[in-house]
$ cat entry_34.cif   # mmCIF, C-alpha atoms
data_run
loop_
_atom_site.label_atom_id
_atom_site.label_comp_id
_atom_site.auth_asym_id
_atom_site.auth_seq_id
_atom_site.Cartn_x
_atom_site.Cartn_y
_atom_site.Cartn_z
CA MET A 18 -0.84 -20.36 22.91
CA ALA A 19 2.68 -21.72 23.38
CA THR A 20 5.34 -19.36 24.63
CA VAL A 21 7.51 -17.96 21.87
CA LYS A 22 11.24 -17.75 22.42
CA PRO A 23 12.47 -14.16 22.88
CA VAL A 24 15.16 -14.65 20.24
CA LEU A 25 13.48 -14.33 16.86
CA ARG A 26 15.07 -16.04 13.87
CA ARG A 27 14.38 -14.18 10.67
CA SER A 28 12.52 -16.24 8.10
CA HIS A 29 14.25 -16.38 4.74
CA THR A 30 14.49 -18.27 1.50
CA LYS A 31 17.42 -20.56 0.84
CA SER A 32 19.99 -19.58 -1.75
CA LYS A 33 19.95 -22.08 -4.62
CA LEU A 34 22.80 -20.52 -6.62
CA GLY A 35 25.07 -19.38 -3.80
CA CYS A 36 28.85 -19.45 -3.84
CA GLN A 37 30.80 -22.46 -2.60
CA ALA A 38 32.20 -20.64 0.44
CA CYS A 39 28.72 -19.75 1.74
CA LYS A 40 27.47 -23.28 1.11
CA GLN A 41 30.37 -24.72 3.10
CA ARG A 42 29.65 -22.30 5.96
CA HIS A 43 25.88 -23.05 5.75
CA VAL A 44 24.96 -19.37 5.48
CA LYS A 45 22.69 -17.61 3.00
CA CYS A 46 24.57 -16.16 0.03
CA ASP A 47 23.29 -12.94 -1.59
CA GLU A 48 24.56 -14.28 -4.96
CA PHE A 49 26.28 -11.03 -5.93
CA ARG A 50 28.89 -11.61 -8.64
CA PRO A 51 31.80 -11.87 -9.06
CA THR A 52 32.07 -11.73 -5.24
CA CYS A 53 29.22 -12.02 -2.74
CA HIS A 54 29.09 -9.59 0.18
CA ARG A 55 29.94 -12.23 2.79
CA CYS A 56 33.12 -13.24 0.99
CA LEU A 57 33.95 -9.61 0.28
CA SER A 58 33.68 -8.61 3.94
CA SER A 59 35.55 -11.75 5.06
CA LYS A 60 38.24 -11.19 2.39
CA ILE A 61 38.08 -14.78 1.15
CA ALA A 62 37.96 -16.20 -2.37
CA CYS A 63 34.46 -16.34 -3.78
CA LYS A 64 33.70 -18.95 -6.43
CA TYR A 65 30.38 -20.13 -7.80
CA PRO A 66 29.64 -23.72 -8.88
CA ASP A 67 29.22 -22.64 -12.52
CA GLN A 68 32.43 -20.62 -12.48
CA ALA A 69 35.57 -22.21 -13.92
CA GLU A 70 38.69 -22.33 -11.78
CA ASP A 71 40.73 -20.19 -14.14
CA GLN A 72 38.00 -17.54 -14.37
CA ALA A 73 37.66 -16.83 -10.64
CA GLU A 74 40.09 -13.95 -10.73
CA ASP A 75 39.76 -13.04 -14.40
CA PRO A 76 39.92 -9.21 -14.68
CA ASP A 77 37.73 -9.32 -17.79
CA GLU A 78 34.99 -10.97 -15.72
CA LYS A 79 35.25 -8.23 -13.12
CA ALA A 80 34.98 -5.63 -15.85
CA ALA A 81 31.93 -7.40 -17.25
CA SER A 82 30.23 -7.11 -13.87
CA ALA A 83 30.18 -3.32 -14.21
CA LEU A 84 26.70 -1.80 -14.25
CA TRP A 85 25.31 -1.45 -17.77
CA TRP A 86 22.59 1.03 -18.61
CA PRO A 87 20.18 0.58 -21.54
CA VAL A 88 20.84 2.82 -24.54
CA ASP A 89 17.44 4.53 -24.30
CA ILE A 90 18.12 5.58 -20.70
CA GLU A 91 21.56 6.89 -21.69
CA LYS A 92 20.04 8.95 -24.50
CA SER A 93 17.19 10.27 -22.36
CA CYS A 94 19.57 11.32 -19.58
CA ALA A 95 21.94 13.00 -22.07
CA GLN A 96 19.04 15.00 -23.53
CA TRP A 97 17.79 15.78 -20.04
CA LYS A 98 21.18 17.11 -18.96
CA GLU A 99 21.70 19.12 -22.15
CA SER A 100 18.27 20.74 -22.35
CA GLY A 101 17.17 20.84 -18.72
CA GLU A 102 13.80 19.51 -19.91
CA PRO A 103 12.87 16.38 -17.93
CA PRO A 104 11.73 13.25 -19.79
CA PHE A 105 8.41 13.07 -17.93
CA GLY A 106 5.73 15.73 -18.04
CA TRP A 107 5.07 15.79 -14.30
CA LEU A 108 8.70 16.77 -13.60
CA SER A 109 9.44 20.49 -13.54
CA PRO A 110 12.18 21.92 -15.80
CA SER A 111 15.12 23.26 -13.83
CA PRO A 112 18.64 24.55 -14.53
CA SER A 113 19.79 22.15 -11.79
CA TRP A 114 19.44 19.20 -14.18
CA HIS A 115 22.23 20.72 -16.33
CA ASN A 116 24.69 20.65 -13.44
CA MET A 117 23.94 17.18 -12.20
CA PRO A 118 26.52 14.45 -13.02
CA MET A 119 25.33 11.86 -15.54
CA LYS A 120 25.78 9.08 -13.00
CA ASP A 121 23.39 10.78 -10.57
CA LEU A 122 20.96 11.58 -13.36
CA ARG A 123 20.75 7.93 -14.45
CA TYR A 124 19.69 6.78 -11.00
CA ILE A 125 17.22 9.64 -10.64
CA TYR A 126 15.81 8.86 -14.09
CA LYS A 127 15.17 5.30 -12.94
CA MET A 128 13.25 6.63 -9.92
CA ALA A 129 11.22 8.92 -12.17
CA LEU A 130 10.50 6.04 -14.55
CA VAL A 131 9.10 3.89 -11.73
CA ALA A 132 7.12 6.83 -10.37
CA ASN A 133 5.66 7.41 -13.83
CA ILE A 134 4.61 3.74 -14.16
CA LEU A 135 2.92 3.79 -10.76
CA ASP A 136 1.27 7.13 -11.50
CA LEU A 137 -0.24 5.82 -14.74
CA SER A 138 -1.68 2.81 -12.91
CA LYS A 139 -2.80 4.98 -9.96
CA THR A 140 -0.91 2.82 -7.45
CA THR A 141 1.56 5.41 -6.10
CA ASN A 142 -0.14 5.64 -2.71
CA ILE A 143 0.31 1.89 -2.20
CA CYS A 144 4.10 2.32 -2.26
CA LEU A 145 4.15 4.57 0.81
CA LEU A 146 6.42 7.54 -0.02
CA TRP A 147 5.91 7.25 -3.78
CA GLY A 148 2.73 9.30 -3.47
CA GLU A 149 4.94 12.29 -2.59
CA MET A 150 7.55 11.61 -5.28
CA GLY A 151 6.66 14.80 -7.15
CA VAL A 152 7.49 16.83 -4.05
CA LEU A 153 10.79 15.00 -3.60
CA PHE A 154 11.84 15.61 -7.20
CA GLN A 155 10.99 19.30 -6.92
CA LEU A 156 13.08 19.59 -3.75
CA ALA A 157 15.91 17.60 -5.38
CA THR A 158 16.49 20.47 -7.83
CA GLN A 159 17.23 22.79 -4.90
CA TYR A 160 18.92 20.52 -2.34
CA ASP A 161 21.71 18.06 -3.16
CA PHE A 162 20.97 15.87 -0.14
CA VAL A 163 17.42 15.25 -1.41
CA ALA A 164 18.80 14.33 -4.85
CA HIS A 165 21.29 11.98 -3.17
CA THR A 166 18.42 10.40 -1.24
CA LEU A 167 16.60 9.63 -4.50
CA ALA A 168 19.79 8.29 -6.08
CA ALA A 169 20.51 6.12 -3.03
CA THR A 170 17.03 4.58 -3.15
CA SER A 171 17.34 3.89 -6.86
CA ALA A 172 20.82 2.37 -6.53
CA GLN A 173 19.75 0.20 -3.59
CA ARG A 174 16.85 -1.23 -5.57
CA LEU A 175 19.02 -1.77 -8.64
CA ALA A 176 21.65 -3.58 -6.57
CA VAL A 177 18.99 -6.00 -5.30
CA THR A 178 17.52 -6.72 -8.73
CA THR A 179 20.79 -6.98 -10.70
CA LYS A 180 23.17 -8.29 -7.99
CA SER A 181 25.53 -5.50 -9.06
CA HIS A 182 28.43 -4.60 -6.77
CA GLU A 183 28.73 -1.25 -8.50
CA ALA A 184 25.11 -0.36 -7.73
CA SER A 185 25.53 -1.60 -4.16
CA GLU A 186 28.60 0.60 -3.66
CA ASP A 187 26.81 3.54 -5.28
CA ALA A 188 23.87 3.06 -2.90
CA TYR A 189 26.24 3.19 0.07
CA GLN A 190 27.99 6.32 -1.18
CA TYR A 191 24.75 8.14 -2.03
CA ARG A 192 23.24 7.28 1.36
CA LYS A 193 26.40 8.57 3.04
CA LEU A 194 26.19 11.85 1.08
CA ALA A 195 22.45 12.18 1.76
CA LEU A 196 22.84 11.72 5.52
CA HIS A 197 25.86 14.04 5.68
CA GLY A 198 23.94 16.77 3.85
CA LEU A 199 20.82 16.11 5.91
CA TYR A 200 22.55 16.52 9.26
CA ARG A 201 24.34 19.66 8.07
CA ALA A 202 21.00 21.13 6.98
CA MET A 203 19.46 20.30 10.35
CA GLY A 204 22.14 22.50 11.93
CA SER A 205 20.60 25.47 10.09
CA PHE A 206 16.97 24.35 10.27
CA SER A 207 14.50 26.96 9.05
CA LYS A 208 11.11 27.36 7.41
CA ASP A 209 12.86 27.45 4.02
CA ASN A 210 14.63 24.10 4.25
CA ALA A 211 12.22 22.25 6.54
CA ASP A 212 10.43 20.40 3.72
CA ALA A 213 13.74 19.29 2.22
CA ILE A 214 14.96 18.01 5.59
CA LEU A 215 11.73 16.09 6.15
CA ALA A 216 11.79 14.70 2.59
CA ALA A 217 15.34 13.39 2.97
CA SER A 218 14.61 12.02 6.44
CA LEU A 219 11.58 10.10 5.21
CA GLY A 220 13.37 8.89 2.09
CA CYS A 221 16.41 7.68 4.03
CA SER A 222 14.22 5.89 6.56
CA TYR A 223 13.44 3.26 3.89
CA ILE A 224 17.08 2.56 3.03
CA MET A 225 18.87 2.54 6.38
CA SER A 226 21.37 -0.28 6.81
CA ASP A 227 20.21 -1.53 10.24
CA HIS A 228 17.60 -1.02 12.94
CA ARG A 229 19.82 1.21 15.06
CA SER A 230 20.29 3.64 12.19
CA LEU A 231 16.55 3.60 11.59
CA MET A 232 15.91 4.34 15.27
CA THR A 233 18.25 7.35 15.16
CA LEU A 234 16.65 8.70 12.01
CA ALA A 235 13.15 8.18 13.43
CA GLY A 236 14.11 10.41 16.34
CA ASN A 237 15.19 13.08 13.86
CA ILE A 238 11.87 12.80 12.01
CA SER A 239 10.01 13.40 15.28
CA THR A 240 12.19 16.43 16.02
CA VAL A 241 11.74 17.90 12.55
CA ALA A 242 7.98 17.33 12.53
CA THR A 243 7.64 19.02 15.92
CA ARG A 244 9.72 22.02 14.85
CA MET A 245 7.63 22.39 11.69
CA LYS A 246 4.44 22.78 13.70
CA PRO A 247 4.17 26.62 13.45
CA TRP A 248 4.08 26.60 9.63
CA LEU A 249 2.89 23.09 8.89
CA LYS A 250 -0.18 24.25 6.95
CA ARG A 251 2.16 25.76 4.34
CA SER A 252 4.31 22.64 4.12
CA ALA A 253 4.42 20.56 0.93
CA PHE A 254 3.64 17.57 3.16
CA HIS A 255 0.60 19.18 4.78
CA ARG A 256 -1.88 16.75 3.25
CA ILE A 257 -0.07 13.79 4.78
CA PHE A 258 0.03 15.27 8.27
CA ALA A 259 -3.60 16.28 7.94
CA TYR A 260 -4.59 12.88 6.55
CA GLU A 261 -7.19 11.18 8.70
CA PRO A 262 -8.28 7.89 7.12
CA MET A 263 -11.92 6.98 7.54
CA TYR A 264 -13.32 3.84 5.97
CA TYR A 265 -16.88 4.34 7.22
CA GLU A 266 -19.48 4.43 4.48
CA THR A 267 -21.55 7.17 6.15
CA GLU A 268 -21.19 9.84 8.84
CA GLU A 269 -23.76 7.94 10.90
CA GLN A 270 -21.49 4.89 11.03
CA ALA A 271 -18.57 7.05 12.10
CA ALA A 272 -20.65 8.65 14.86
CA ALA A 273 -21.73 5.21 16.04
CA SER A 274 -18.08 4.22 16.57
CA PRO A 275 -16.57 7.00 18.67
CA PRO A 276 -12.90 6.79 19.69
CA GLU A 277 -12.37 5.09 23.01
CA THR A 278 -9.19 6.45 24.54
CA GLY A 279 -7.94 6.86 28.06
CA ASP A 280 -8.84 3.35 29.16
CA VAL A 281 -5.55 1.46 29.39
CA GLU A 282 -7.19 -1.91 29.94
CA HIS A 283 -9.50 -1.34 26.99
CA ARG A 284 -6.56 -0.40 24.78
CA PHE A 285 -4.60 -3.45 25.91
CA ALA A 286 -7.54 -5.74 25.12
CA LEU A 287 -8.04 -4.22 21.66
CA VAL A 288 -4.37 -4.53 20.73
CA LYS A 289 -4.20 -8.09 22.11
CA LYS A 290 -7.22 -9.10 20.04
CA LEU A 291 -5.82 -7.37 16.96
CA LEU A 292 -2.56 -9.29 17.29
CA ALA A 293 -4.47 -12.56 17.63
CA ASP A 294 -6.59 -11.72 14.58
CA GLY A 295 -3.45 -10.82 12.65
CA ILE A 296 -1.76 -14.12 13.50
CA ALA A 297 -4.85 -16.04 12.41
CA SER A 298 -5.24 -14.02 9.20
CA VAL A 299 -1.60 -14.42 8.12
CA ASN A 300 -1.73 -18.12 8.99
CA GLY A 301 -4.80 -18.44 6.82
CA LEU A 302 -2.84 -17.11 3.86
CA ALA A 303 0.24 -19.25 4.51
CA PHE A 304 -0.77 -22.20 2.33
CA CYS A 305 -1.91 -19.99 -0.54
CA PHE A 306 1.49 -18.27 -0.73
CA GLN A 307 3.62 -21.42 -0.59
CA GLY A 308 4.09 -21.24 -4.34
CA ASP A 309 6.06 -18.00 -3.93
CA ARG A 310 8.98 -18.75 -1.63
CA ASP A 311 9.93 -15.07 -1.18
CA LEU A 312 6.49 -13.82 -0.17
CA SER A 313 5.94 -16.95 1.91
CA ALA A 314 9.15 -16.26 3.86
CA VAL A 315 8.02 -12.70 4.64
CA LEU A 316 4.60 -13.92 5.77
CA ARG A 317 6.23 -16.42 8.14
CA GLN A 318 8.34 -13.66 9.61
CA LEU A 319 5.32 -11.38 10.02
CA ARG A 320 3.51 -14.18 11.84
CA ASP A 321 6.47 -14.96 14.10
CA VAL A 322 6.97 -11.31 15.06
CA MET A 323 3.30 -10.95 15.96
CA ARG A 324 3.46 -14.12 18.06
CA LEU A 325 6.47 -12.81 19.90
CA VAL A 326 4.88 -9.43 20.58
CA TYR A 327 1.61 -11.12 21.58
CA GLU A 328 3.45 -13.09 24.28
CA ARG A 329 5.39 -10.05 25.52
CA LEU A 330 2.59 -7.48 25.29
CA GLY A 331 2.47 -5.50 28.50
CA SER A 332 6.10 -6.21 29.37
CA ASP A 333 8.88 -3.69 28.91
CA ILE A 334 10.43 -4.01 25.44
CA SER A 335 13.35 -1.67 24.86
CA ALA A 336 13.19 0.89 22.05
CA GLU A 337 16.05 -0.86 20.28
CA ASP A 338 14.23 -4.20 20.36
CA GLN A 339 11.06 -2.54 19.07
CA TYR A 340 12.94 -1.17 16.06
CA ARG A 341 14.72 -4.49 15.59
CA LEU A 342 11.36 -6.25 15.26
CA VAL A 343 9.85 -3.81 12.77
CA TYR A 344 12.97 -3.00 10.72
CA PRO A 345 12.74 -5.92 8.22
CA PHE A 346 9.36 -4.66 6.99
CA THR A 347 10.19 -0.97 6.54
CA ALA A 348 11.82 -1.14 3.11
CA TRP A 349 10.26 -4.08 1.29
CA PHE A 350 9.97 -2.36 -2.09
CA VAL A 351 13.61 -1.24 -2.02
CA LYS A 352 15.43 -4.16 -0.44
CA ASN A 353 13.45 -7.30 -1.26
CA SER A 354 14.08 -9.07 -4.54
CA ALA A 355 10.47 -10.29 -4.57
CA ALA A 356 9.14 -6.73 -4.77
CA SER A 357 7.66 -6.01 -8.18
CA TYR A 358 6.54 -2.58 -9.32
CA VAL A 359 5.30 -4.12 -12.56
CA SER A 360 3.05 -6.58 -10.72
CA LEU A 361 1.79 -3.77 -8.54
CA SER A 362 1.03 -1.45 -11.45
CA ALA A 363 -0.83 -4.35 -13.07
CA LYS A 364 -2.81 -4.53 -9.82
CA ASN A 365 -1.98 -8.18 -9.27
CA PRO A 366 -4.47 -9.30 -6.58
CA PHE A 367 -1.98 -11.79 -5.16
CA LEU A 368 0.57 -9.04 -4.48
CA LEU A 369 -2.07 -6.61 -3.26
CA VAL A 370 -3.33 -9.10 -0.67
CA PHE A 371 0.24 -9.67 0.51
CA LEU A 372 0.91 -5.91 0.85
CA LEU A 373 -2.42 -5.40 2.56
CA HIS A 374 -1.38 -7.79 5.31
CA MET A 375 2.21 -6.61 5.58
CA TYR A 376 1.08 -3.01 6.09
CA ALA A 377 -1.60 -4.11 8.55
CA VAL A 378 0.95 -6.06 10.59
CA VAL A 379 3.24 -3.01 10.76
CA VAL A 380 0.31 -0.83 11.93
CA THR A 381 -0.53 -3.48 14.53
CA LEU A 382 3.08 -3.55 15.73
CA THR A 383 2.99 0.25 15.94
CA LEU A 384 0.08 -0.02 18.37
CA ALA A 385 1.78 -2.73 20.42
CA LEU A 386 5.22 -1.08 20.32
CA PRO A 387 4.45 2.65 20.78
CA ARG A 388 8.08 3.79 20.62
CA ILE A 389 8.11 3.20 16.87
CA ASP A 390 4.99 5.32 16.35
CA VAL A 391 6.85 8.37 15.02
CA PRO A 392 5.10 10.94 12.80
CA LEU A 393 3.99 9.52 9.43
CA PHE A 394 5.27 5.99 10.18
CA ALA A 395 1.78 4.54 10.48
CA LYS A 396 -0.11 7.12 8.44
CA PHE A 397 1.58 6.18 5.17
CA ARG A 398 0.57 2.57 5.77
CA LEU A 399 -2.97 3.50 6.77
CA ARG A 400 -3.34 5.32 3.49
CA ALA A 401 -1.90 2.35 1.58
CA ILE A 402 -4.27 -0.09 3.30
CA LEU A 403 -7.32 1.98 2.38
CA GLU A 404 -6.02 2.51 -1.16
CA ILE A 405 -5.62 -1.24 -1.68
CA CYS A 406 -9.07 -1.88 -0.21
CA ASN A 407 -10.56 0.64 -2.65
CA ILE A 408 -8.93 -1.26 -5.52
CA LEU A 409 -10.14 -4.66 -4.31
CA LYS A 410 -13.60 -3.53 -3.21
CA PRO A 411 -15.38 -3.53 -6.62
CA GLU A 412 -14.65 -7.24 -7.12
CA PRO A 413 -16.10 -10.05 -4.99
CA GLY A 414 -12.77 -11.86 -4.62
CA PHE A 415 -10.23 -13.90 -6.52
CA LEU A 416 -9.57 -17.55 -7.31
CA CYS A 417 -6.46 -18.91 -5.64
CA GLN A 418 -4.48 -21.21 -7.92
CA ARG A 419 -2.70 -22.78 -4.96
CA CYS A 420 -5.71 -24.02 -2.95
CA ASN A 421 -8.22 -23.84 -5.82
CA GLY A 422 -10.52 -21.90 -3.54
CA PHE A 423 -12.30 -18.58 -3.95
CA HIS A 424 -11.16 -15.90 -1.48
CA SER A 425 -13.70 -13.24 -0.68
CA TYR A 426 -12.18 -9.75 -0.47
CA GLU A 427 -14.54 -8.97 2.40
CA GLU A 428 -12.84 -11.71 4.40
CA VAL A 429 -9.34 -10.80 3.19
CA MET A 430 -9.81 -7.15 4.18
CA SER A 431 -11.16 -7.88 7.66
CA PHE A 432 -7.88 -7.80 9.62
CA PRO A 433 -6.30 -4.90 7.67
CA LEU A 434 -9.39 -2.71 8.15
CA SER A 435 -9.47 -3.68 11.83
CA SER A 436 -5.89 -2.44 12.17
CA VAL A 437 -6.98 0.93 10.73
CA SER A 438 -9.98 1.08 13.05
CA VAL A 439 -8.03 0.20 16.19
CA TYR A 440 -5.28 2.67 15.32
CA GLN A 441 -7.90 5.39 14.93
CA GLN A 442 -9.36 4.54 18.30
CA VAL A 443 -6.35 4.04 20.50
CA GLY A 444 -3.27 4.85 18.40
CA ARG A 445 -0.89 7.37 19.90
CA GLU A 446 -1.42 9.95 17.16
CA THR A 447 0.98 12.89 16.92
CA SER A 448 -1.22 15.80 15.95
CA LEU A 449 0.83 18.62 14.49
CA LEU A 450 -2.11 20.65 13.28
CA GLU A 451 -3.24 21.90 16.68
CA ALA A 452 -1.73 25.24 17.53
#
$ encode --input "entry_34.cif" --output "structure tokens"
Amino acid sequence: MATVKPVLRRSHTKSKLGCQACKQRHVKCDEFRPTCHRCLSSKIACKYPDQAEDQAEDPDEKAASALWWPVDIEKSCAQWKESGEPPFGWLSPSPSWHNMPMKDLRYIYKMALVANILDLSKTTNICLLWGEMGVLFQLATQYDFVAHTLAATSAQRLAVTTKSHEASEDAYQYRKLALHGLYRAMGSFSKDNADAILAASLGCSYIMSDHRSLMTLAGNISTVATRMKPWLKRSAFHRIFAYEPMYYETEEQAAASPPETGDVEHRFALVKKLLADGIASVNGLAFCFQGDRDLSAVLRQLRDVMRLVYERLGSDISAEDQYRLVYPFTAWFVKNSAASYVSLSAKNPFLLVFLLHMYAVVVTLTLALPRIDVPLFAKFRLRAILEICNILKPEPGFLCQRCNGFHSYEEVMSFPLSSVSVYQQVGRETSLLEA
């Protein structure tokens, strides 16, 4: 295999409707209107090809770019605030809803709406932290920083889907409030607020602005998880810490495949082979996903990262570089415009196969880059992999419209299930259940 350059260029899709300034500078435009983020940070005039000269600085246009909420959401939030009765049955009534500003409540309503859609389709566990959304909402009624975490996640997603500057600014402000409250709470860490601190830490880990911030927060998650050890069995997150995924059909199969730990050379060989299998598997999907430029770009990046790690496996890779490599894949549902909760809830096989491989690549990178293996980082993805496999398992496969071929799910699931198996055998698990 050819040596991969140590400097990895992130794969991306080209902006078709970008502003003129970004096109002249040959950089990707995020297409936010009336001003994209690059022009905003550079303090230069931002004008789009379809924008008339005399409208570039029109104050009415700026006003029109303000975030608009559907009438039904406005009504539901007003009733929610007035009565304290949440709009969804799985949410607990609480006096805290009365005191929450309408702006916050709108964003939280949007999170609850998505959670409700995923719950009805039984796909919450595929979206990583969404499986614990009920716990987060319950804690949000008691701790402002948890509520701000939910609002920040909602605003971040809305900014991506609507290209709204207002939502983008709200996401920044909510994240700032969430982190400020989180770090203050950590100063008075106790059994009473431990779950709230962990909830906010996990929630913020999917919306951090860069890999360095993620690395800092990951260290906090490790600290919090360790300090929770004495009372972990009474934690609201106990089932996640205790979660041990097993995809064996019978106990006899599990006994026939005992964990093989302690052998460094054996571990190295397993991880090396897993990386090679992952590269081959993602490459095999490349042609089939060419019709979707967004998903195709992510797959190329997943492949390139695995190639880079494959070449450097065994060499010293700094913690910062490890987080830099994995960061782009930590918040796909929140930050990527191609993410679709509707497609997921409809159990679109195309999207499920993509997610199956993205999660498997992250688990593989966790094995190869052990400094990112903080508590729950891999376990959420292990659960998601097995959940997707359970959904795909009853069917023999699906017909690919791109290559006109039939893809067997048994073949598609091979690499993802191998990542689960290898992680179980040689992964550096952090067991918090042992006294």
$ residues_around --input "entry_34.cif" --residues "Asp227 in chain A" --least-positions-apart "4" --cutoff "10 Å" --atoms "all atoms listed in the file" --output "list of chain:residue names"
A:Leu231, A:Met232, A:Tyr340, A:Arg341, A:Tyr344, A:Pro345
$ closest_residue --input "entry_34.cif" --among "A:Tyr327, A:Phe304, A:Tyr160, A:Phe346" --to "Gly422 in chain A" --atoms "only C-alpha atoms"
A:Phe304
$ closest_residue --input "entry_34.cif" --among "A:Ala202, A:Ala348, A:Ala38, A:Ala164" --to "Cys144 in chain A" --atoms "all atoms listed in the file"
A:Ala348
$ closest_residue --input "entry_34.cif" --among "A:Tyr223, A:Asp89, A:Gln155, A:Val439" --to "Phe285 in chain A" --atoms "all atoms listed in the file"
A:Val439
$ closest_residue --input "entry_34.cif" --among "A:Ser239, A:Ser332, A:Ser436, A:Ser360" --to "Ile389 in chain A" --atoms "only C-alpha atoms"
A:Ser239
$ residues_around --input "entry_34.cif" --residues "Gln159 in chain A" --least-positions-apart "6" --cutoff "10 Å" --atoms "only C-alpha atoms" --output "number ranges by chain"
A: 111-113, 210, 213
$ closest_residue --input "entry_34.cif" --among "A:Glu337, A:Lys290, A:Arg284, A:Ala395" --to "Gln442 in chain A" --atoms "all atoms listed in the file"
A:Arg284
$ atom_distance --input "entry_34.cif" --atom1 "CA of Lys92 in chain A" --atom2 "CA of Thr170 in chain A"
22.0 Å
$ resolve_selection --input "entry_34.cif" --expression "the PyMOL selection byres ((chain A and resi 299) around 9)" --output "ChimeraX atom specification"
/A:294-298,300-303,316-317,319-320,374
$ residues_near_point --input "entry_34.cif" --point "(7.2, -10.4, 3.5)" --cutoff "12 Å" --atoms "all atoms listed in the file" --output "PyMOL selection string"
chain A and resi 27-30+299+303+306+309-322+343-350+352-356+368+370-379
$ closest_residue --input "entry_34.cif" --among "A:Leu287, A:Leu34, A:Ala132, A:Leu219" --to "Ala242 in chain A" --atoms "only C-alpha atoms"
A:Leu219
$ atom_distance --input "entry_34.cif" --atom1 "CA of Ala195 in chain A" --atom2 "CA of Thr166 in chain A"
5.3 Å
$ atom_distance --input "entry_34.cif" --atom1 "CA of Thr243 in chain A" --atom2 "CA of Leu145 in chain A"
21.2 Å
$ resolve_selection --input "entry_34.cif" --expression "the PyMOL selection byres ((chain A and resi 198) around 10)" --output "list in words"
Tyr160, Asp161, Phe162, Val163, His165, Thr166, Arg192, Lys193, Leu194, Ala195, Leu196, His197, Leu199, Tyr200, Arg201, Ala202, Met203, Ile214 and Ala217 of chain A
$ residues_around --input "entry_34.cif" --residues "Lys180 in chain A" --least-positions-apart "3" --cutoff "6 Å" --atoms "only C-alpha atoms" --output "count of residues only"
3
$ residues_near_point --input "entry_34.cif" --point "(11.7, 12.2, 14.5)" --cutoff "10 Å" --atoms "only C-alpha atoms" --output "list in words"
Leu215, Ser218, Leu219, Met232, Thr233, Leu234, Ala235, Gly236, Asn237, Ile238, Ser239, Thr240, Val241, Ala242, Thr243, Ile389, Asp390, Val391, Pro392, Leu393 and Phe394 of chain A
$ resolve_selection --input "entry_34.cif" --expression "the PyMOL selection byres ((chain A and resi 425) around 9)" --output "list of chain:residue names"
A:Glu412, A:Pro413, A:Gly414, A:Phe415, A:Leu416, A:Phe423, A:His424, A:Tyr426, A:Glu427, A:Glu428, A:Val429, A:Met430
$ residues_around --input "entry_34.cif" --residues "Ser109 in chain A" --least-positions-apart "3" --cutoff "10 Å" --atoms "all atoms listed in the file" --output "list of chain:residue names"
A:Gly101, A:Glu102, A:Pro103, A:Pro104, A:Phe105, A:Gly106, A:Gly151, A:Phe154, A:Gln155, A:Thr158
$ axis_aligned_box --input "entry_34.cif" --around "range 395-407 of chain A" --padding-each-side "8 Å" --output "JSON"
{"center_x": -4.4, "center_y": 2.6, "center_z": 3.9, "size_x": 28.3, "size_y": 25.0, "size_z": 29.1}
$ residues_around --input "entry_34.cif" --residues "Arg123 in chain A" --least-positions-apart "2" --cutoff "10 Å" --atoms "only C-alpha atoms" --output "ChimeraX atom specification"
/A:86,90-91,93-95,118-121,125-129,168,171-172
$ decode --input "entry_34.cif" --residues "range 334-352 of chain A" --atoms "C-alpha atoms" --output "compact mmCIF listing (two decimals), in the first residue's frame"
# COMPACT_ATOMS: atom_id res chain seq x y z
CA ILE A 334 0.52 9.92 17.37
CA SER A 335 -0.09 12.80 19.76
CA ALA A 336 -3.40 13.03 21.63
CA GLU A 337 -4.24 16.23 19.78
CA ASP A 338 -3.69 14.57 16.39
CA GLN A 339 -5.83 11.61 17.46
CA TYR A 340 -8.73 13.93 18.29
CA ARG A 341 -8.13 15.91 15.11
CA LEU A 342 -8.59 12.74 13.05
CA VAL A 343 -11.78 11.58 14.76
CA TYR A 344 -13.43 14.98 15.36
CA PRO A 345 -15.20 15.32 11.96
CA PHE A 346 -17.22 12.16 12.63
CA THR A 347 -18.36 12.90 16.19
CA ALA A 348 -21.34 15.12 15.42
CA TRP A 349 -22.67 14.02 12.03
CA PHE A 350 -26.36 14.27 12.95
CA VAL A 351 -25.96 17.78 14.35
CA LYS A 352 -23.48 19.42 12.00
